[in-house]
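Novice: Sending over work.pdb (PDB, C-alpha atoms and all ligand atoms).
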ATOM      1  CA  MET A  11      14.251   5.873   0.987  1.00  0.00           C
ATOM      2  CA  MET A  12      12.157   3.297   2.810  1.00  0.00           C
ATOM      3  CA  SER A  13       8.885   4.206   4.413  1.00  0.00           C
ATOM      4  CA  ASP A  14       6.905   2.539   7.130  1.00  0.00           C
ATOM      5  CA  ILE A  15       4.401  -0.093   6.058  1.00  0.00           C
ATOM      6  CA  TYR A  16       0.932   0.081   7.518  1.00  0.00           C
ATOM      7  CA  CYS A  17      -1.774  -2.500   7.986  1.00  0.00           C
ATOM      8  CA  SER A  18      -5.001  -1.399   6.273  1.00  0.00           C
ATOM      9  CA  GLU A  19      -7.037  -3.253   8.896  1.00  0.00           C
ATOM     10  CA  CYS A  20      -5.945  -1.369  12.007  1.00  0.00           C
ATOM     11  CA  ASP A  21      -3.558   1.209  10.420  1.00  0.00           C
ATOM     12  CA  GLU A  22      -0.727   0.022  12.668  1.00  0.00           C
ATOM     13  CA  ASP A  23       2.864   0.525  11.581  1.00  0.00           C
ATOM     14  CA  LEU A  24       4.040  -3.021  10.909  1.00  0.00           C
ATOM     15  CA  ALA A  25       7.650  -2.136  11.760  1.00  0.00           C
ATOM     16  CA  SER A  26       6.809  -1.277  15.356  1.00  0.00           C
ATOM     17  CA  GLY A  27       5.456  -4.513  16.759  1.00  0.00           C
ATOM     18  CA  HIS A  28       2.096  -5.051  15.146  1.00  0.00           C
ATOM     19  CA  ASP A  29      -0.748  -6.881  16.882  1.00  0.00           C
ATOM     20  CA  PRO A  30      -0.440 -10.542  15.804  1.00  0.00           C
ATOM     21  CA  ASP A  31      -4.184 -11.039  16.450  1.00  0.00           C
ATOM     22  CA  CYS A  32      -5.077  -8.678  13.614  1.00  0.00           C
ATOM     23  CA  SER A  33      -7.078 -10.689  11.057  1.00  0.00           C
ATOM     24  CA  LEU A  34      -5.144  -9.207   8.125  1.00  0.00           C
ATOM     25  CA  HIS A  35      -2.039 -11.108   9.176  1.00  0.00           C
ATOM     26  CA  ALA A  36      -3.802 -14.421   8.842  1.00  0.00           C
ATOM     27  CA  THR A  37      -4.687 -13.483   5.244  1.00  0.00           C
ATOM     28  CA  PRO A  38      -2.349 -15.158   2.749  1.00  0.00           C
ATOM     29  CA  GLU A  39      -3.198 -13.012  -0.273  1.00  0.00           C
ATOM     30  CA  THR A  40      -2.188  -9.397   0.214  1.00  0.00           C
ATOM     31  CA  TYR A  41      -0.883  -6.526  -1.894  1.00  0.00           C
ATOM     32  CA  LYS A  42       1.165  -3.427  -1.207  1.00  0.00           C
ATOM     33  CA  LEU A  43      -0.563  -0.136  -1.957  1.00  0.00           C
ATOM     34  CA  THR A  44       2.006   2.674  -2.076  1.00  0.00           C
ATOM     35  CA  LEU A  45       1.654   6.455  -2.272  1.00  0.00           C
ATOM     36  CA  CYS A  46       4.678   8.146  -3.910  1.00  0.00           C
ATOM     37  CA  ASP A  47       5.789  11.760  -4.275  1.00  0.00           C
ATOM     38  CA  GLY A  48       7.523  12.631  -7.556  1.00  0.00           C
ATOM     39  CA  ALA A  49       8.719  15.755  -9.364  1.00  0.00           C
ATOM     40  CA  GLU A  50       5.484  15.893 -11.410  1.00  0.00           C
ATOM     41  CA  GLY A  51       3.100  14.971  -8.618  1.00  0.00           C
ATOM     42  CA  GLN A  52       1.912  12.044  -6.529  1.00  0.00           C
ATOM     43  CA  SER A  53       1.284   8.542  -7.822  1.00  0.00           C
ATOM     44  CA  ILE A  54      -0.171   5.270  -6.545  1.00  0.00           C
ATOM     45  CA  TYR A  55       1.417   1.861  -6.939  1.00  0.00           C
ATOM     46  CA  LEU A  56      -0.078  -1.572  -6.424  1.00  0.00           C
ATOM     47  CA  ASP A  57       2.716  -4.086  -5.811  1.00  0.00           C
ATOM     48  CA  ASP A  58       5.237  -2.000  -7.799  1.00  0.00           C
ATOM     49  CA  HIS A  59       2.805  -1.384 -10.687  1.00  0.00           C
ATOM     50  CA  ARG A  60       1.823   2.267 -11.118  1.00  0.00           C
ATOM     51  CA  ILE A  61      -1.968   2.527 -11.384  1.00  0.00           C
ATOM     52  CA  ALA A  62      -2.473   6.300 -11.017  1.00  0.00           C
ATOM     53  CA  GLY A  63      -0.462   9.494 -11.332  1.00  0.00           C
ATOM     54  CA  PRO A  64       2.640  10.456 -13.322  1.00  0.00           C
ATOM     55  CA  LYS A  65       5.785   8.356 -13.451  1.00  0.00           C
ATOM     56  CA  PRO A  66       8.213   9.689 -10.809  1.00  0.00           C
ATOM     57  CA  TRP A  67      11.139  10.436 -13.148  1.00  0.00           C
ATOM     58  CA  GLY A  68      14.499  10.502 -11.445  1.00  0.00           C
ATOM     59  CA  GLY A  69      13.151   8.534  -8.513  1.00  0.00           C
ATOM     60  CA  GLY A  70      10.329   9.416  -6.199  1.00  0.00           C
ATOM     61  CA  THR A  71       9.824   9.287  -2.485  1.00  0.00           C
ATOM     62  CA  VAL A  72       7.539   6.755  -0.853  1.00  0.00           C
ATOM     63  CA  VAL A  73       5.062   8.621   1.342  1.00  0.00           C
ATOM     64  CA  LYS A  74       3.168   5.668   2.768  1.00  0.00           C
ATOM     65  CA  THR A  75       2.619   1.967   2.102  1.00  0.00           C
ATOM     66  CA  TRP A  76      -0.382  -0.053   3.217  1.00  0.00           C
ATOM     67  CA  ILE A  77      -0.869  -3.803   3.205  1.00  0.00           C
ATOM     68  CA  VAL A  78      -4.302  -4.574   1.711  1.00  0.00           C
ATOM     69  CA  ARG A  79      -6.323  -7.762   1.212  1.00  0.00           C
ATOM     70  CA  ALA A  80      -6.701  -9.201  -2.302  1.00  0.00           C
ATOM     71  CA  LYS A  81     -10.332  -9.905  -1.334  1.00  0.00           C
ATOM     72  CA  ASP A  82     -10.978  -6.221  -0.563  1.00  0.00           C
ATOM     73  CA  LEU A  83      -9.401  -5.109  -3.854  1.00  0.00           C
ATOM     74  CA  LYS A  84     -11.566  -7.583  -5.749  1.00  0.00           C
ATOM     75  CA  SER A  85     -14.730  -6.352  -4.004  1.00  0.00           C
ATOM     76  CA  ALA A  86     -13.840  -2.738  -4.779  1.00  0.00           C
ATOM     77  CA  ILE A  87     -13.267  -3.478  -8.489  1.00  0.00           C
ATOM     78  CA  GLU A  88     -16.473  -5.505  -8.807  1.00  0.00           C
ATOM     79  CA  ARG A  89     -18.536  -2.686  -7.310  1.00  0.00           C
ATOM     80  CA  ALA A  90     -16.921   0.055  -9.389  1.00  0.00           C
TER      81      ALA A  90
HETATM   82 ZN    ZN B 101      -3.438  -5.047  11.453  1.00  0.00          ZN
END
Could you take the file, read its structure, and then write that structure out as structure tokens?
Ligand SMILES: [Zn+2]

Specialist:
Amino acid sequence: MMSDIYCSECDEDLASGHDPDCSLHATPETYKLTLCDGAEGQSIYLDDHRIAGPKPWGGGTVVKTWIVRAKDLKSAIERA
């Protein structure tokens, strides 16, 4: 099941005609951050790599996907 993909900058649904002036869309390096629902709980994926939560055995459901900047991820990790 496909979910909508949201811009992390303005939280617009990219499938429904997103603002082309949004600065995130001029950013070449981006990742997908995805929240999934599985039988054993929720999990978080970064570009198809699970980084938190249990593996959704038997297939999970995508709750929401955001497009995020590589730069913002790097800043977050450096400050952690
Ligand atoms: Zn945007």

Novice: Could you spell out the hits of the PyMOL selection byres (((chain A and resi 65) around 10) and not hetatm) on the shown file, as a PyMOL selection string?

Specialist: chain A and resi 46-54+60-64+66-70

Novice: Write the residues you've just listed into a file as a PDB file, keeping the file's coordinate frame, and include C-alpha atoms for each of them.

Specialist:
ATOM      1  CA  CYS A  46       4.678   8.146  -3.910  1.00  0.00           C
ATOM      2  CA  ASP A  47       5.789  11.760  -4.275  1.00  0.00           C
ATOM      3  CA  GLY A  48       7.523  12.631  -7.556  1.00  0.00           C
ATOM      4  CA  ALA A  49       8.719  15.755  -9.364  1.00  0.00           C
ATOM      5  CA  GLU A  50       5.484  15.893 -11.410  1.00  0.00           C
ATOM      6  CA  GLY A  51       3.100  14.971  -8.618  1.00  0.00           C
ATOM      7  CA  GLN A  52       1.912  12.044  -6.529  1.00  0.00           C
ATOM      8  CA  SER A  53       1.284   8.542  -7.822  1.00  0.00           C
ATOM      9  CA  ILE A  54      -0.171   5.270  -6.545  1.00  0.00           C
ATOM     10  CA  ARG A  60       1.823   2.267 -11.118  1.00  0.00           C
ATOM     11  CA  ILE A  61      -1.968   2.527 -11.384  1.00  0.00           C
ATOM     12  CA  ALA A  62      -2.473   6.300 -11.017  1.00  0.00           C
ATOM     13  CA  GLY A  63      -0.462   9.494 -11.332  1.00  0.00           C
ATOM     14  CA  PRO A  64       2.640  10.456 -13.322  1.00  0.00           C
ATOM     15  CA  PRO A  66       8.213   9.689 -10.809  1.00  0.00           C
ATOM     16  CA  TRP A  67      11.139  10.436 -13.148  1.00  0.00           C
ATOM     17  CA  GLY A  68      14.499  10.502 -11.445  1.00  0.00           C
ATOM     18  CA  GLY A  69      13.151   8.534  -8.513  1.00  0.00           C
ATOM     19  CA  GLY A  70      10.329   9.416  -6.199  1.00  0.00           C
TER      20      GLY A  70
END

Novice: For the structure shown, which residues end up in the PyMOL selection byres (((chain A and resi 38) around 12) and not hetatm)? Put them as a ChimeraX atom specification, please?

Specialist: /A:33-37,39-41,77-81

Novice: Check every protein, DNA and RNA residue against ligand ZN 101 (chain B), keep those with an atom at most 9 Å away (counting only C-alpha atoms and all ligand atoms), and present them as a ChimeraX atom specification.

Specialist: /A:16-24,28-35,77

Novice: Please, what distance in Å, to one decimal, runs between atom CA of Val72 of chain A and atom CA of Glu88 of chain A?

Specialist: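 Distance reported for this atom pair: 28.1 Å.
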
Novice: Please evaluate the PyMOL selection byres (((chain A and resi 56) around 6) and not hetatm) against the displayed coordinates and give the resulting residues as a PyMOL selection string.

Specialist: chain A and resi 42-43+55+57-59

Novice: Nearest residue to Ile15 of chain A out of A:Thr75, A:Leu45, A:Ala90, A:Asp82, using only C-alpha atoms?

Specialist: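 Nearest candidate to Ile15 of chain A out of A:Thr75, A:Leu45, A:Ala90, A:Asp82: A:Thr75.
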
Novice: Draw an axis-aligned box tight on the listed atoms of segment 32-50 of chain A, then pad every side by 4 Å and write out centre and edge lengths in Å to one decimal as JSON.

Specialist:
{"center_x": 0.8, "center_y": 0.4, "center_z": 1.1, "size_x": 23.8, "size_y": 39.1, "size_z": 33.0}

Novice: Export N, CA and C atoms of segment 16-63 of chain A from the structure just given, as a CSV table (one decimal), in the first residue's frame?

Specialist:
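Output below, filename out_10.csv:
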chain,number,residue,atom,x,y,z
A,16,TYR,N,5.3,13.5,2.0
A,16,TYR,CA,5.2,14.9,2.4
A,16,TYR,C,6.6,15.5,2.4
A,17,CYS,N,6.5,16.8,2.1
A,17,CYS,CA,7.7,17.6,2.2
A,17,CYS,C,7.9,18.0,3.7
A,18,SER,N,9.1,17.9,4.2
A,18,SER,CA,9.4,18.2,5.6
A,18,SER,C,9.5,19.7,5.8
A,19,GLU,N,9.7,20.5,4.7
A,19,GLU,CA,9.8,21.9,4.8
A,19,GLU,C,8.4,22.6,5.1
A,20,CYS,N,7.5,22.2,4.3
A,20,CYS,CA,6.2,22.9,4.4
A,20,CYS,C,5.0,21.9,4.7
A,21,ASP,N,5.4,20.6,4.9
A,21,ASP,CA,4.5,19.5,5.2
A,21,ASP,C,3.3,19.4,4.2
A,22,GLU,N,3.7,19.8,2.9
A,22,GLU,CA,2.7,19.6,1.8
A,22,GLU,C,2.7,18.2,1.3
A,23,ASP,N,1.6,17.7,0.9
A,23,ASP,CA,1.6,16.4,0.2
A,23,ASP,C,2.1,16.6,-1.2
A,24,LEU,N,3.2,15.9,-1.5
A,24,LEU,CA,3.9,16.1,-2.8
A,24,LEU,C,3.0,15.6,-4.0
A,25,ALA,N,2.1,14.7,-3.7
A,25,ALA,CA,1.3,14.1,-4.8
A,25,ALA,C,0.2,15.1,-5.2
A,26,SER,N,-0.1,16.1,-4.4
A,26,SER,CA,-1.2,17.0,-4.8
A,26,SER,C,-0.7,18.4,-5.1
A,27,GLY,N,0.2,18.5,-6.1
A,27,GLY,CA,0.6,19.7,-6.6
A,27,GLY,C,1.3,20.6,-5.6
A,28,HIS,N,2.6,20.2,-5.3
A,28,HIS,CA,3.3,20.9,-4.3
A,28,HIS,C,3.9,22.2,-4.8
A,29,ASP,N,4.1,23.2,-4.0
A,29,ASP,CA,4.6,24.5,-4.3
A,29,ASP,C,6.1,24.4,-4.9
A,30,PRO,N,6.3,24.7,-6.1
A,30,PRO,CA,7.6,24.5,-6.7
A,30,PRO,C,8.6,25.5,-6.2
A,31,ASP,N,8.2,26.6,-5.4
A,31,ASP,CA,9.1,27.6,-4.9
A,31,ASP,C,9.7,27.1,-3.5
A,32,CYS,N,9.1,26.0,-3.0
A,32,CYS,CA,9.6,25.5,-1.7
A,32,CYS,C,11.1,25.2,-1.9
A,33,SER,N,11.9,25.6,-0.9
A,33,SER,CA,13.4,25.5,-1.0
A,33,SER,C,13.9,24.0,-1.0
A,34,LEU,N,13.1,23.2,-0.4
A,34,LEU,CA,13.5,21.8,-0.3
A,34,LEU,C,13.6,21.1,-1.7
A,35,HIS,N,12.8,21.6,-2.6
A,35,HIS,CA,12.8,21.0,-4.0
A,35,HIS,C,14.0,21.4,-4.8
A,36,ALA,N,14.7,22.4,-4.4
A,36,ALA,CA,15.9,22.8,-5.0
A,36,ALA,C,17.1,22.1,-4.4
A,37,THR,N,16.9,21.3,-3.4
A,37,THR,CA,17.9,20.6,-2.7
A,37,THR,C,18.2,19.2,-3.3
A,38,PRO,N,19.4,19.0,-3.9
A,38,PRO,CA,19.6,17.7,-4.6
A,38,PRO,C,19.7,16.5,-3.6
A,39,GLU,N,20.3,16.7,-2.4
A,39,GLU,CA,20.4,15.6,-1.6
A,39,GLU,C,19.3,15.4,-0.5
A,40,THR,N,18.4,14.5,-0.8
A,40,THR,CA,17.3,14.3,0.2
A,40,THR,C,17.2,12.8,0.5
A,41,TYR,N,16.5,12.5,1.6
A,41,TYR,CA,16.2,11.1,2.0
A,41,TYR,C,14.7,11.0,2.2
A,42,LYS,N,14.3,9.7,2.2
A,42,LYS,CA,12.9,9.5,2.6
A,42,LYS,C,12.9,8.9,4.1
A,43,LEU,N,12.1,9.6,4.9
A,43,LEU,CA,11.9,9.1,6.3
A,43,LEU,C,10.5,8.6,6.3
A,44,THR,N,10.4,7.3,6.7
A,44,THR,CA,9.1,6.6,6.6
A,44,THR,C,8.6,6.0,8.0
A,45,LEU,N,7.4,6.3,8.3
A,45,LEU,CA,6.8,5.7,9.5
A,45,LEU,C,5.9,4.5,9.1
A,46,CYS,N,6.2,3.3,9.7
A,46,CYS,CA,5.5,2.1,9.3
A,46,CYS,C,4.8,1.5,10.5
A,47,ASP,N,3.6,0.9,10.2
A,47,ASP,CA,2.9,0.1,11.2
A,47,ASP,C,3.1,-1.3,10.9
A,48,GLY,N,3.5,-2.1,11.9
A,48,GLY,CA,3.6,-3.6,11.7
A,48,GLY,C,2.9,-4.3,12.8
A,49,ALA,N,2.9,-5.6,12.7
A,49,ALA,CA,2.2,-6.5,13.7
A,49,ALA,C,2.8,-6.3,15.1
A,50,GLU,N,4.1,-6.0,15.2
A,50,GLU,CA,4.7,-5.9,16.6
A,50,GLU,C,4.9,-4.4,17.0
A,51,GLY,N,4.4,-3.5,16.2
A,51,GLY,CA,4.6,-2.1,16.6
A,51,GLY,C,5.0,-1.2,15.4
A,52,GLN,N,5.3,0.0,15.7
A,52,GLN,CA,5.7,1.0,14.6
A,52,GLN,C,7.2,1.0,14.5
A,53,SER,N,7.6,1.3,13.3
A,53,SER,CA,9.1,1.4,13.0
A,53,SER,C,9.3,2.6,12.1
A,54,ILE,N,10.6,3.0,12.0
A,54,ILE,CA,11.0,4.1,11.2
A,54,ILE,C,12.1,3.7,10.2
A,55,TYR,N,11.9,4.1,9.0
A,55,TYR,CA,12.9,3.8,8.0
A,55,TYR,C,13.5,5.0,7.4
A,56,LEU,N,14.8,5.0,7.1
A,56,LEU,CA,15.4,6.0,6.4
A,56,LEU,C,15.9,5.5,5.0
A,57,ASP,N,15.3,5.9,4.0
A,57,ASP,CA,15.6,5.4,2.6
A,57,ASP,C,15.6,3.8,2.6
A,58,ASP,N,14.6,3.2,3.1
A,58,ASP,CA,14.4,1.7,3.1
A,58,ASP,C,15.3,1.0,4.1
A,59,HIS,N,16.1,1.7,4.9
A,59,HIS,CA,16.8,1.1,6.0
A,59,HIS,C,16.1,1.3,7.3
A,60,ARG,N,15.8,0.3,8.0
A,60,ARG,CA,15.1,0.4,9.3
A,60,ARG,C,16.1,0.9,10.4
A,61,ILE,N,15.7,2.0,11.0
A,61,ILE,CA,16.6,2.6,12.0
A,61,ILE,C,16.0,2.6,13.4
A,62,ALA,N,14.7,2.3,13.5
A,62,ALA,CA,14.1,2.2,14.9
A,62,ALA,C,12.8,1.3,14.7
A,63,GLY,N,12.6,0.6,15.8
A,63,GLY,CA,11.3,-0.2,15.9
A,63,GLY,C,11.6,-1.6,15.4
